[in-house]
Each structure stands twice: as C-alpha cells, then as structure tokens.
Amino acid sequence: MSASAVEFADWVNILQGTDSHYGFSKGNTLPLVATPFGMNHWSLQTERDGGWFFSPRARKLQGVRCTHQPSPWMGDYGSFAILPQCGKRFLAAGKRATSYRLDKSTLRPYHFATELIQSGIQLEMAPTERGAIFRFEYPEGKDARVIIEPTKGESEAVVRDAHTVTGFTRGNSGGVPDGFAHYFVAIFDQPITASTRFVGDEPVEGEASGKAVGISVEFGAVAWVTMRIATSFISVEQAERNLQLELAEKSFEEIRDEAKAAWNETLGRIQIEATDSQKTVFYSCLYRTQLFPRIWHEVGEDGALRHRSPYDGLVHPGVLYTDNGFWDTYRTEYPLLALVWPDRLKDILQGWVNAYKEGGWFPQWATPGYRACMVGTHIDAVIADAVVRGVTDFDVETAYEGMVKHATQVGDPSGAWGRIGIEDYLKLGYVPVNRHHESVARSLDYAYDDFCISQVAAYLGRTEDAEKYRGQAQTYRNLYDPEVGFMRGKNADGTWQTPFDEFWWGNPYVEGGPWQASWAVQHDPAGLIELMGGDEAFVAKLDQMMTMPPRFENGAYGMEIHEMTEMACADFGQYAHSNQPVHHVLYLYAAAGQPWKTQQMVARAREQFYTENDLAGDEDNGEMCAWFVLSALGIFPLCPGHPSWVLGTPLYKRAVVSLGEGKALTIEAPNVSSEALFATSATLNGSLLDGADVAHGSLANGGNLTFEMAASPNESSLAAPRRPFSLSQYK
Ligand code: CA
C-alpha cells in the first residue's frame, strides 16, 4: 500500500455526528479531543446545561469542557469548563460565552486550537490519558485570566500556591457512590497574581457548601500562560501524580505529538486504499470505536494500577473501564475489538469482571456505576463474544459466575442490574406482558443472552450448564405468533396480548415495534426462518420491511420519539438504522440463502447513513460506527457470541487489518466500484469459500480474503451450497 501523505489521525472529522438535537439525532456525538479510551474527554461547551452542551451551529464558546458523557440521554459527570479571558471579567457561562469560528478552528482527536475573536486570545490544548495541556496567548498589554468552572453539583476550587489551583466536583447524573468526586490539579507556568472564587456570576468568600464553585485566576499582563491539568477519581494527590506522570516534564508539542502518535497507532491498524472522502468517513468512524468504554484506573505510588470503584466507592487494585451501554455496543463494537484490538479488549473485560466483584452484579448500563437503562443482560454477549474469538486472558470463571447470577437470581427492581421478570421467564419461558414492562424485548434478549451464557459454559467445560442454557435460548419461539407473523406480547395465562398493531412502538417492545423487534434471534436465524415460513417467506418479509412506508404509532411513548422521526425521515422503509435493534437485520438475507440482497442493502445503508458529517441516529459508544467499519470491510458479526463472521460486500479495493502478533488480514476486491458492489465469490488464502460465513479463527489467523465483484448478483457462489449459521453449529 502506498504511504499516505496524510496521517491516519488527520483523516478524522471529530464533528461527525454532532449536528444533533433533542428531537433529531444525526449521531448525538460530541467532538472529543482525547487519547484512545482516555479517562477524560475534552470537548467544546456552547451550552452549560443539559445533554446537548455542544452544537456546531453555536457561534459562542463557553469553554473547553472536561467531559465523561457517553450519551446526551445519560448525562455528564465530573465535568468542568476552562476558558481564557482578558479585559472586563465575565464569570457565568452564559455571560462569558465568546465568539469563535468552528470552521477556522483546528479540530483533531489530539489537538484543538481556536481564536477567541472578541479578545484575540489564541487558545489551544492537547490531551493525555488523564489530563491535558493548555496554551493561551493573550493580546499585548492585556491582563491574562483563566476561568475554571464545574458545570454542576457541589464543587470547590482554590489557589494552593502561586502556580497551582486544586479542586473537585461532585457533579453527576446518577450511578455514583456516596462521596463521589472528580478531583483536579492545574499548574500554571506563570505566577497567579489574584484569584476569585465564584458561583454563577457572583464572587464568593469563604464557605459555599453544596454550590458549584468556580475560580478565576489572574496573571497580569503576560503574553503566554501554559496550564497543565490532570484529574483523578481517587484524590487530589492522585491527580498530582497523574500530572507528574503524564505532563510535568513535557512541552506542549511533545504532548500533542504523543497523542497524535497514539491515534496513528490505533487508527493505522486498519489501512484502506480509498478516496479522500471515503477515508474521512472510515477514519472518523474508526475514531468513534476507540473512545468507549473509558479507562477509569490510575497509576498508584507503587506503579500498579488502581481505581476508585463507582460501584462501592472504595479504592481497589487493577483495571476498570466504564461508560458503556451493552444493549448497543455488544452488536459490533466488541466483535471489532476482538478482531483488531484483543490487547485492549482483555483489559476492558477484566474491568467488567472487577465491576461485578465490587458491586455484586454486572451493570446493565455503566456510567460511571449502575444505571437503569434499556433491557437484557447483553454483557453476556460481550463476554461470550470475546471468549469464542479467543480473547480469554481475563477471569472468565468469575465472569461466568456473574452471568449465572443474573440469569438465576432476582436483581434490581428498576433494572440497573439483573433481569426484570426473571422468575416468570424461568417458569414460563417468556416474560409475561401483563406483569412486566417491555416484555417482548426482554424475553428475546434473555433467550439470546442465555445462548451466550451457554457458549461460555461450554468453553469452561460445564457441559450440563451449556445444555441447559442452550435449551433456554430456544424460548424465543414462545413469543412468535404465526397468526400475525411477528413476535407478540403474551399474558401469563398463555393468551396473546390484544389488540395487535404491527406499527405499535414501545411496550411490550422497546424503542421499536413488531417490525423492528421480531428479528432479535441472532443465535438461531435458521429457527427464526423456519418459524416465519421458510426462506422465501422470510426474504419476502425482509423485502417488505425495506420498502414499505415508515408508518408507526407513538404507542406506549405518548409522543414521537427521535428514533421514530429518524426512521420516518430516512428512505429505508421500516429498517430503522438510526437505532441498534435492526443492526443485524440486513445480514439475515445471507442467512436465508440470498447474500446478494445483504450486499445490495448494506451498500445502500453505508451510502445513505454514513457521510463525512452525519450519522443515521444515536452513535452509542462506537456501535453505529463499528457497524460501518465492519460493513465497509465486508464482514459482520451476525451473532456476537458465535465464532464466525458473515460476509457482506467490501467497499475498498484493498484493506489491511492488523491482527496483532505480526499477523494481518488483507481484504481485497480488485474490481469493486460503485457499479460493482455484488460479491459473487470469495476466496480465503486461495480457497473458494462455499457459503456466506467464515469461521473467526480462519480470519484471525490472517492472510488474504479476496472478493470477486460484479454489477449483478447472478450466480453468486456465496449462496450455496451451505447455509450460514445453521443450527447444527450450536448443538
Ligand atoms: Ca441506540
């Protein structure tokens, strides 16, 4: 591959997906300046309050924000904003907001720089894993000032010595233990000449307990101020250690270049031969897959990793990662990590095992601790997928213990851990609609998650358990109603919920209706196809889904939620790519023996839903972008937890995927073009593949996967003679 003049990190548009608001998501992402999986993300604050604190349409900047927000729906924690200022002092976020030009700013994963137009101040910053370096250049003769303001919650900031400010914020959106705090220490290269603590727009003296206290520090008429800042969830002392380890000895350029090198290493693990526009889309997506879950461990005095647990509030040895919604991320993010970043994945998994040990249960949605959001226990799929793909260098035994616990014991009634309706599910084989909210979604998720548990049981040699959970994984059949042709709510007495409306969104489904939810049987496509009347009927139903009007009933929601609007305004029938539940559905065509329809639809979805600037809907911690990355490479994990990939259609003539240990997978499609998007055959290391699926081990060993492309799907050898994902592989 010819060396590119542009480095990988510089293909990234960190604004991709940010032009979103409460009512309509084109990604609901933030422009994040950070190191890969960094403990702190740095973003731009154009609004102080609420989840949508950055808009690319805003013309005024309130500050650079240290943020941990994984989604606007979950909110931020431990956040504070930083802004340089000169001239008349304005403290409150709304009043200090100052004009800047996004289009004239430098926005890279490793570097942000802009001019504050009103004052002429030049602001730039570069990230480390747990901190950042800021450099401010002030106009001549003006008094230099820096403002640090926590965005919410009880907070404090004080001048400790002539060069140092320390503080903390307890601001959070839930999921934190008593005493939670995010500590920071900021060291300035210029001496502080004066300072003012403030709340809102008012200076405060002495105690201001319970208030979000910010600080404004003055430096006199200096040309430059450099600020090194690091944070900790453990203590101020630990924040100082983090600063010493990551920032103290280094110049701005060194820190910026190290962050850039980290991104180049990470992003460079997949190299593509593509147009400039294609590279922008691809690397912007790949960047999104390398941010969550975030590192939550820090380096102790003895050099060993430790973390303050958001689950029990105590400091424990070892790794921890957080900020992840498994309901979304299991589908694509984790399988992608298993293939290309197994070194990172094993640490993340040990982190989730530590979360279980510290809190007693696996989290449902972690940010930073337990949060009740969405359904299922899809951490089962995260763990099973890693195990079957050979990432086993973590405490699998304890992970299994945690999986069995939530599959057998009653968890949190609000759903922050465990499975709501577990007793009924175990007794009846489904969650009854007359007893529990979102019962169809829960039932289908539990069945699939049970398949995932069986995979881990089999790996551990627990044959009886494996059999038992494999049996439970078939309970999805209990909710299929052949009369209506969809998954349907069922009462405890075995009668169907009435009336039935195929366009009804929400309870007993979740963020979708029968059209979007009835395909959630990733672990047994053959069984689902049989239930739905065989290959032809199944394909006809998929075709109908892709082409029918995007009609829906607000149903259980009482208003049109953003996912509905996004489906309505797309051009893809009932295929609501703006949300995760359908993300495997296009690949089900291949499971029904028509891989050319998978290819046709995937090509259409890639084109329609992924541009340099916009995504289809909530990106969700790398998931939506990992869908693109994998679908552009031409492979997809139809069933996370099963050691296989289904073949789609490659977008580039050549892609080289680094697999670690010196191995690489080269994916080639020499005659691919916008007219030739059908893969009519494929060879792996010279051998013709005889179906549309391939074992993980075959790909992960590296070599050459070569696609023959054509403008029409005639005579696709990928369709025959073997059906992918046949049930026999699971028995
Ligand atoms: Ca989502």
# chains A, B, ... in the order shown; residues from 1 in each chain; ligands from 1
>>> residues_around(residues="segment 484-493 of chain A", least_positions_apart="4", cutoff="12 Å", atoms="only C-alpha atoms", output="number ranges by chain")
A: 421, 423-425, 427-444, 475-480, 497-504, 506-509, 513-521, 528-533, 537-538, 541
>>> residues_near_ligand(ligand="ligand 1", cutoff="6 Å", atoms="only C-alpha atoms and all ligand atoms", output="ChimeraX atom specification")
/A:328,579-580,618,620
>>> write_last_selection(atoms="N, CA and C atoms", output="compact mmCIF listing (two decimals), in the first residue's frame")
# COMPACT_ATOMS: atom_id res chain seq x y z
N ASP A 328 -26.45 -1.58 23.23
CA ASP A 328 -25.98 -1.09 21.94
C ASP A 328 -24.67 -1.77 21.53
N ASN A 579 -31.33 3.28 15.05
CA ASN A 579 -31.20 2.65 16.36
C ASN A 579 -30.69 1.22 16.19
N GLN A 580 -30.17 0.68 17.28
CA GLN A 580 -29.37 -0.55 17.19
C GLN A 580 -30.14 -1.86 16.94
N ASP A 618 -28.44 7.91 16.96
CA ASP A 618 -27.50 7.83 18.08
C ASP A 618 -26.36 6.85 17.78
N ASP A 620 -23.89 5.91 19.87
CA ASP A 620 -23.87 4.99 21.01
C ASP A 620 -22.55 4.24 21.21
>>> residues_around(residues="Ala97 of chain A", least_positions_apart="4", cutoff="7 Å", atoms="only C-alpha atoms", output="PyMOL selection string")
chain A and resi 60-62+93
>>> select_by_dssp(residues="segment 202-335 of chain A", states="strand (DSSP E or B)", output="short mmCIF file (atom, residue, chain, number, x, y, z; two decimals) with all heavy atoms, in the first residue's frame")
data_model
loop_
_atom_site.label_atom_id
_atom_site.label_comp_id
_atom_site.auth_asym_id
_atom_site.auth_seq_id
_atom_site.Cartn_x
_atom_site.Cartn_y
_atom_site.Cartn_z
N GLU A 202 -21.49 35.51 40.61
CA GLU A 202 -21.19 36.23 41.84
C GLU A 202 -19.92 35.71 42.52
O GLU A 202 -19.80 34.51 42.78
CB GLU A 202 -22.36 36.06 42.83
CG GLU A 202 -23.65 36.69 42.35
CD GLU A 202 -23.50 38.19 42.08
OE1 GLU A 202 -22.87 38.88 42.92
OE2 GLU A 202 -23.98 38.66 41.03
N PRO A 203 -18.98 36.59 42.82
CA PRO A 203 -17.82 36.19 43.63
C PRO A 203 -18.29 35.69 45.00
O PRO A 203 -19.28 36.20 45.53
CB PRO A 203 -17.02 37.48 43.77
CG PRO A 203 -17.46 38.33 42.63
CD PRO A 203 -18.89 38.00 42.40
N ALA A 212 -21.81 24.95 43.10
CA ALA A 212 -20.80 24.72 42.06
C ALA A 212 -19.87 25.93 42.03
O ALA A 212 -20.13 26.92 41.37
CB ALA A 212 -21.46 24.51 40.71
N GLY A 214 -16.68 27.95 41.06
CA GLY A 214 -15.63 28.04 40.06
C GLY A 214 -14.54 28.97 40.53
O GLY A 214 -14.63 29.56 41.62
N ILE A 215 -13.49 29.12 39.74
CA ILE A 215 -12.41 30.03 40.12
C ILE A 215 -11.89 30.78 38.89
O ILE A 215 -11.86 30.23 37.78
CB ILE A 215 -11.26 29.27 40.83
CG1 ILE A 215 -10.32 30.25 41.52
CG2 ILE A 215 -10.51 28.37 39.86
CD1 ILE A 215 -9.45 29.58 42.58
N SER A 216 -11.58 32.04 39.13
CA SER A 216 -10.99 32.87 38.09
C SER A 216 -9.62 33.30 38.59
O SER A 216 -9.51 33.83 39.70
CB SER A 216 -11.91 34.08 37.87
OG SER A 216 -11.23 35.09 37.17
N VAL A 217 -8.57 33.04 37.84
CA VAL A 217 -7.21 33.39 38.28
C VAL A 217 -6.59 34.38 37.31
O VAL A 217 -6.77 34.29 36.09
CB VAL A 217 -6.31 32.14 38.46
CG1 VAL A 217 -6.75 31.34 39.67
CG2 VAL A 217 -6.32 31.26 37.23
N GLU A 218 -5.85 35.35 37.87
CA GLU A 218 -5.25 36.44 37.10
C GLU A 218 -3.73 36.28 37.06
O GLU A 218 -3.12 35.79 38.02
CB GLU A 218 -5.56 37.79 37.77
CG GLU A 218 -7.00 38.04 38.11
CD GLU A 218 -7.82 38.49 36.91
OE1 GLU A 218 -7.21 38.98 35.92
OE2 GLU A 218 -9.05 38.35 36.96
N PHE A 219 -3.13 36.74 35.97
CA PHE A 219 -1.67 36.61 35.81
C PHE A 219 -0.99 37.93 35.47
O PHE A 219 0.21 37.95 35.21
CB PHE A 219 -1.36 35.58 34.72
CG PHE A 219 -1.91 34.22 35.04
CD1 PHE A 219 -3.16 33.84 34.58
CD2 PHE A 219 -1.20 33.34 35.84
CE1 PHE A 219 -3.67 32.59 34.88
CE2 PHE A 219 -1.71 32.09 36.15
CZ PHE A 219 -2.95 31.71 35.67
N GLY A 220 -1.75 39.03 35.42
CA GLY A 220 -1.15 40.29 35.00
C GLY A 220 -0.95 40.30 33.49
O GLY A 220 -1.42 39.42 32.77
N TRP A 224 1.86 34.87 27.50
CA TRP A 224 1.52 33.45 27.41
C TRP A 224 1.22 32.89 28.79
O TRP A 224 1.89 33.24 29.76
CB TRP A 224 2.71 32.64 26.88
CG TRP A 224 3.09 32.91 25.46
CD1 TRP A 224 3.94 33.88 25.02
CD2 TRP A 224 2.65 32.20 24.32
NE1 TRP A 224 4.05 33.82 23.66
CE2 TRP A 224 3.27 32.79 23.20
CE3 TRP A 224 1.78 31.11 24.13
CZ2 TRP A 224 3.06 32.33 21.90
CZ3 TRP A 224 1.57 30.65 22.84
CH2 TRP A 224 2.20 31.26 21.75
N VAL A 225 0.27 31.98 28.85
CA VAL A 225 0.09 31.13 30.03
C VAL A 225 -0.03 29.69 29.54
O VAL A 225 -0.82 29.41 28.64
CB VAL A 225 -1.16 31.52 30.84
CG1 VAL A 225 -1.40 30.51 31.97
CG2 VAL A 225 -1.03 32.93 31.42
N THR A 226 0.77 28.82 30.12
CA THR A 226 0.62 27.38 29.85
C THR A 226 0.06 26.74 31.11
O THR A 226 0.55 27.00 32.21
CB THR A 226 1.97 26.74 29.48
OG1 THR A 226 2.42 27.35 28.27
CG2 THR A 226 1.83 25.24 29.27
N MET A 227 -0.96 25.93 30.93
CA MET A 227 -1.59 25.25 32.07
C MET A 227 -1.54 23.74 31.84
O MET A 227 -1.99 23.25 30.82
CB MET A 227 -3.05 25.70 32.19
CG MET A 227 -3.80 24.99 33.32
SD MET A 227 -5.53 25.52 33.44
CE MET A 227 -6.30 24.43 32.27
N ARG A 228 -0.98 23.05 32.82
CA ARG A 228 -1.02 21.58 32.80
C ARG A 228 -2.07 21.15 33.82
O ARG A 228 -2.01 21.56 34.98
CB ARG A 228 0.35 21.00 33.15
CG ARG A 228 1.39 21.19 32.07
CD ARG A 228 2.77 20.77 32.53
NE ARG A 228 3.74 20.80 31.43
CZ ARG A 228 4.30 21.90 30.96
NH1 ARG A 228 4.02 23.08 31.50
NH2 ARG A 228 5.15 21.85 29.94
N ILE A 229 -3.01 20.34 33.38
CA ILE A 229 -4.09 19.93 34.29
C ILE A 229 -4.25 18.42 34.21
O ILE A 229 -4.16 17.83 33.14
CB ILE A 229 -5.41 20.67 33.94
CG1 ILE A 229 -6.51 20.33 34.97
CG2 ILE A 229 -5.88 20.38 32.52
CD1 ILE A 229 -7.70 21.28 34.91
N ALA A 230 -4.43 17.81 35.39
CA ALA A 230 -4.72 16.38 35.43
C ALA A 230 -5.79 16.15 36.47
O ALA A 230 -6.00 16.99 37.36
CB ALA A 230 -3.46 15.57 35.75
N THR A 231 -6.47 15.04 36.36
CA THR A 231 -7.59 14.77 37.25
C THR A 231 -7.49 13.37 37.83
O THR A 231 -6.66 12.56 37.42
CB THR A 231 -8.94 14.90 36.50
OG1 THR A 231 -9.16 13.71 35.74
CG2 THR A 231 -8.98 16.11 35.61
N SER A 232 -8.34 13.12 38.81
CA SER A 232 -8.38 11.79 39.44
C SER A 232 -9.76 11.56 40.03
O SER A 232 -10.41 12.51 40.49
CB SER A 232 -7.34 11.71 40.56
OG SER A 232 -7.54 10.53 41.32
N ILE A 270 -5.96 -0.40 10.78
CA ILE A 270 -6.72 -0.72 9.57
C ILE A 270 -6.36 0.32 8.51
O ILE A 270 -6.59 1.51 8.70
CB ILE A 270 -8.24 -0.75 9.80
CG1 ILE A 270 -8.59 -1.68 10.96
CG2 ILE A 270 -8.95 -1.20 8.53
CD1 ILE A 270 -10.08 -1.81 11.24
N GLN A 271 -5.75 -0.15 7.44
CA GLN A 271 -5.35 0.76 6.36
C GLN A 271 -6.18 0.44 5.13
O GLN A 271 -6.33 -0.72 4.76
CB GLN A 271 -3.87 0.56 6.06
CG GLN A 271 -3.01 0.75 7.30
CD GLN A 271 -1.54 0.88 6.99
OE1 GLN A 271 -1.15 1.14 5.86
NE2 GLN A 271 -0.71 0.70 8.01
N ILE A 272 -6.71 1.47 4.52
CA ILE A 272 -7.57 1.24 3.35
C ILE A 272 -7.04 2.00 2.15
O ILE A 272 -6.42 3.06 2.27
CB ILE A 272 -9.03 1.68 3.63
CG1 ILE A 272 -9.12 3.17 4.01
CG2 ILE A 272 -9.65 0.81 4.72
CD1 ILE A 272 -10.54 3.70 4.07
N GLU A 273 -7.29 1.41 0.99
CA GLU A 273 -6.99 2.08 -0.27
C GLU A 273 -8.31 2.67 -0.73
O GLU A 273 -9.23 1.93 -1.11
CB GLU A 273 -6.48 1.04 -1.26
CG GLU A 273 -5.63 1.59 -2.37
CD GLU A 273 -5.03 0.45 -3.18
OE1 GLU A 273 -4.17 -0.28 -2.64
OE2 GLU A 273 -5.44 0.29 -4.34
N ARG A 294 -14.41 4.00 28.68
CA ARG A 294 -13.22 4.78 29.03
C ARG A 294 -12.46 4.15 30.19
O ARG A 294 -13.02 3.50 31.07
CB ARG A 294 -13.61 6.20 29.39
CG ARG A 294 -14.11 6.38 30.81
CD ARG A 294 -14.34 7.83 31.19
NE ARG A 294 -15.48 8.40 30.46
CZ ARG A 294 -15.36 9.24 29.45
NH1 ARG A 294 -14.17 9.64 29.05
NH2 ARG A 294 -16.43 9.70 28.84
N ILE A 295 -11.16 4.39 30.18
CA ILE A 295 -10.27 4.00 31.28
C ILE A 295 -10.73 4.68 32.57
O ILE A 295 -11.02 5.88 32.57
CB ILE A 295 -8.83 4.42 30.94
CG1 ILE A 295 -8.26 3.52 29.84
CG2 ILE A 295 -7.95 4.42 32.18
CD1 ILE A 295 -6.96 4.05 29.26
N GLU A 298 -6.04 4.31 37.50
CA GLU A 298 -4.96 5.29 37.58
C GLU A 298 -3.72 4.57 38.10
O GLU A 298 -3.81 3.44 38.57
CB GLU A 298 -5.41 6.45 38.50
CG GLU A 298 -6.76 7.02 38.04
CD GLU A 298 -7.34 8.10 38.95
OE1 GLU A 298 -6.58 8.98 39.36
OE2 GLU A 298 -8.55 8.05 39.23
N VAL A 299 -2.58 5.22 38.00
CA VAL A 299 -1.33 4.56 38.38
C VAL A 299 -0.93 5.01 39.78
O VAL A 299 -0.69 6.19 40.02
CB VAL A 299 -0.21 4.89 37.37
CG1 VAL A 299 1.08 4.17 37.74
CG2 VAL A 299 -0.64 4.52 35.95
N LEU A 305 -1.72 -0.39 38.88
CA LEU A 305 -3.00 0.22 38.55
C LEU A 305 -3.98 0.07 39.71
O LEU A 305 -3.99 -0.94 40.41
CB LEU A 305 -3.60 -0.43 37.30
CG LEU A 305 -2.77 -0.32 36.02
CD1 LEU A 305 -3.50 -0.99 34.87
CD2 LEU A 305 -2.44 1.13 35.70
N ARG A 306 -4.77 1.10 39.90
CA ARG A 306 -5.82 1.05 40.91
C ARG A 306 -6.95 1.98 40.47
O ARG A 306 -6.78 2.82 39.58
CB ARG A 306 -5.29 1.44 42.28
CG ARG A 306 -4.70 2.84 42.32
CD ARG A 306 -3.98 3.09 43.64
NE ARG A 306 -3.73 4.53 43.79
CZ ARG A 306 -3.82 5.18 44.95
NH1 ARG A 306 -4.20 4.54 46.05
NH2 ARG A 306 -3.56 6.46 45.02
N HIS A 307 -8.10 1.80 41.09
CA HIS A 307 -9.23 2.64 40.71
C HIS A 307 -10.16 2.80 41.90
O HIS A 307 -10.25 1.91 42.74
CB HIS A 307 -10.00 2.01 39.55
CG HIS A 307 -10.53 0.64 39.86
ND1 HIS A 307 -9.80 -0.51 39.64
CD2 HIS A 307 -11.71 0.23 40.38
CE1 HIS A 307 -10.51 -1.56 40.01
NE2 HIS A 307 -11.66 -1.15 40.48
N ARG A 308 -10.84 3.96 41.94
CA ARG A 308 -11.92 4.08 42.92
C ARG A 308 -13.17 3.56 42.24
O ARG A 308 -13.59 4.06 41.20
CB ARG A 308 -12.13 5.51 43.39
CG ARG A 308 -13.20 5.57 44.49
CD ARG A 308 -13.48 6.98 44.98
NE ARG A 308 -12.36 7.61 45.65
CZ ARG A 308 -11.96 7.35 46.91
NH1 ARG A 308 -12.60 6.42 47.62
NH2 ARG A 308 -10.95 7.99 47.43
N VAL A 315 -11.30 2.16 46.96
CA VAL A 315 -10.18 2.06 46.02
C VAL A 315 -9.72 0.60 45.96
O VAL A 315 -9.46 -0.02 46.99
CB VAL A 315 -9.01 2.98 46.45
CG1 VAL A 315 -7.82 2.79 45.52
CG2 VAL A 315 -9.47 4.44 46.44
N HIS A 316 -9.69 0.05 44.75
CA HIS A 316 -9.31 -1.34 44.53
C HIS A 316 -8.12 -1.40 43.58
O HIS A 316 -7.96 -0.52 42.74
CB HIS A 316 -10.46 -2.11 43.88
CG HIS A 316 -11.69 -2.21 44.72
ND1 HIS A 316 -11.89 -3.21 45.64
CD2 HIS A 316 -12.78 -1.41 44.79
CE1 HIS A 316 -13.07 -3.03 46.23
NE2 HIS A 316 -13.63 -1.94 45.73
N PRO A 317 -7.33 -2.47 43.69
CA PRO A 317 -6.27 -2.64 42.71
C PRO A 317 -6.84 -3.06 41.35
O PRO A 317 -7.94 -3.62 41.28
CB PRO A 317 -5.42 -3.76 43.31
CG PRO A 317 -6.34 -4.51 44.22
CD PRO A 317 -7.35 -3.52 44.71
N TYR A 321 -12.86 -0.01 33.49
CA TYR A 321 -13.34 0.81 32.38
C TYR A 321 -14.81 1.10 32.64
O TYR A 321 -15.50 0.31 33.29
CB TYR A 321 -13.22 0.07 31.05
CG TYR A 321 -11.82 0.00 30.48
CD1 TYR A 321 -10.86 -0.86 31.01
CD2 TYR A 321 -11.47 0.79 29.39
CE1 TYR A 321 -9.58 -0.93 30.48
CE2 TYR A 321 -10.19 0.72 28.85
CZ TYR A 321 -9.25 -0.14 29.40
OH TYR A 321 -7.99 -0.20 28.86
N THR A 322 -15.31 2.22 32.11
CA THR A 322 -16.74 2.46 32.25
C THR A 322 -17.27 3.33 31.11
O THR A 322 -16.55 3.68 30.18
CB THR A 322 -17.09 3.07 33.62
OG1 THR A 322 -18.51 2.99 33.80
CG2 THR A 322 -16.65 4.52 33.72
N ASN A 324 -20.59 2.70 29.16
CA ASN A 324 -20.98 1.78 28.10
C ASN A 324 -22.41 1.29 28.28
O ASN A 324 -22.80 0.90 29.38
CB ASN A 324 -20.04 0.56 28.12
CG ASN A 324 -19.59 0.18 26.73
OD1 ASN A 324 -19.84 -0.92 26.26
ND2 ASN A 324 -18.95 1.10 26.06
N GLY A 325 -23.16 1.30 27.20
CA GLY A 325 -24.48 0.68 27.17
C GLY A 325 -24.40 -0.60 26.37
O GLY A 325 -24.29 -0.58 25.15
#
>>> atom_distance(atom1="atom CA of Phe53 of chain A", atom2="atom CA of His68 of chain A")
12.3 Å
>>> select_by_dssp(residues="segment 586-708 of chain A", states="alpha helix (DSSP H)", output="ChimeraX atom specification")
/A:588-591,595-609,623-633,696-700
>>> closest_residue(among="A:Ala407, A:Arg331, A:Met39, A:Asp276", to="Phe233 of chain A", atoms="only C-alpha atoms")
A:Met39
>>> residues_around(residues="Gln574 of chain A", least_positions_apart="4", cutoff="9 Å", atoms="only C-alpha atoms", output="list in words")
Trp515, Gln516, Gln544, Met545, Met546, Thr547, Met548, Pro549, Pro550, Arg551, Phe552, Met567 and Ala568 of chain A
>>> residues_around(residues="Tyr459 of chain A", least_positions_apart="6", cutoff="10 Å", atoms="only C-alpha atoms", output="ChimeraX atom specification")
/A:384,387-388,392,396,453,466
>>> residues_around(residues="Glu661 of chain A", least_positions_apart="2", cutoff="12 Å", atoms="only C-alpha atoms", output="JSON, numbers by chain")
{"A": [340, 341, 342, 343, 658, 659, 663, 664, 700, 701, 702]}
>>> write_last_selection(atoms="N, CA and C atoms", output="short mmCIF file (atom, residue, chain, number, x, y, z; two decimals), in the first residue's frame")
data_model
loop_
_atom_site.label_atom_id
_atom_site.label_comp_id
_atom_site.auth_asym_id
_atom_site.auth_seq_id
_atom_site.Cartn_x
_atom_site.Cartn_y
_atom_site.Cartn_z
N VAL A 340 -9.37 -6.79 16.14
CA VAL A 340 -8.24 -5.88 15.86
C VAL A 340 -7.53 -5.40 17.13
N TRP A 341 -8.26 -5.30 18.24
CA TRP A 341 -7.66 -4.79 19.48
C TRP A 341 -7.84 -5.78 20.64
N PRO A 342 -7.50 -7.07 20.45
CA PRO A 342 -7.67 -8.03 21.55
C PRO A 342 -6.86 -7.63 22.78
N ASP A 343 -5.73 -6.92 22.56
CA ASP A 343 -4.90 -6.47 23.68
C ASP A 343 -5.67 -5.50 24.57
N SER A 658 -4.62 -5.11 10.74
CA SER A 658 -3.60 -5.67 11.62
C SER A 658 -4.28 -6.47 12.73
N LEU A 659 -3.79 -7.68 12.98
CA LEU A 659 -4.43 -8.56 13.96
C LEU A 659 -3.55 -8.79 15.17
N LYS A 663 0.48 -10.48 12.67
CA LYS A 663 -0.43 -11.04 11.68
C LYS A 663 -1.29 -9.92 11.07
N ALA A 664 -1.70 -10.16 9.83
CA ALA A 664 -2.58 -9.19 9.18
C ALA A 664 -3.54 -9.92 8.25
N ALA A 700 -8.89 -14.62 11.75
CA ALA A 700 -7.98 -14.08 12.77
C ALA A 700 -6.57 -14.62 12.62
N ASN A 701 -6.41 -15.66 11.82
CA ASN A 701 -5.06 -16.15 11.53
C ASN A 701 -4.36 -15.32 10.49
N GLY A 702 -5.14 -14.46 9.83
CA GLY A 702 -4.56 -13.58 8.83
C GLY A 702 -4.50 -14.23 7.46
#
>>> residues_around(residues="Gln364 of chain A", least_positions_apart="5", cutoff="8 Å", atoms="only C-alpha atoms", output="count of residues only")
16
>>> closest_residue(among="A:Glu7, A:Glu333, A:Glu397, A:Asp143", to="Cys285 of chain A", atoms="only C-alpha atoms")
A:Glu333
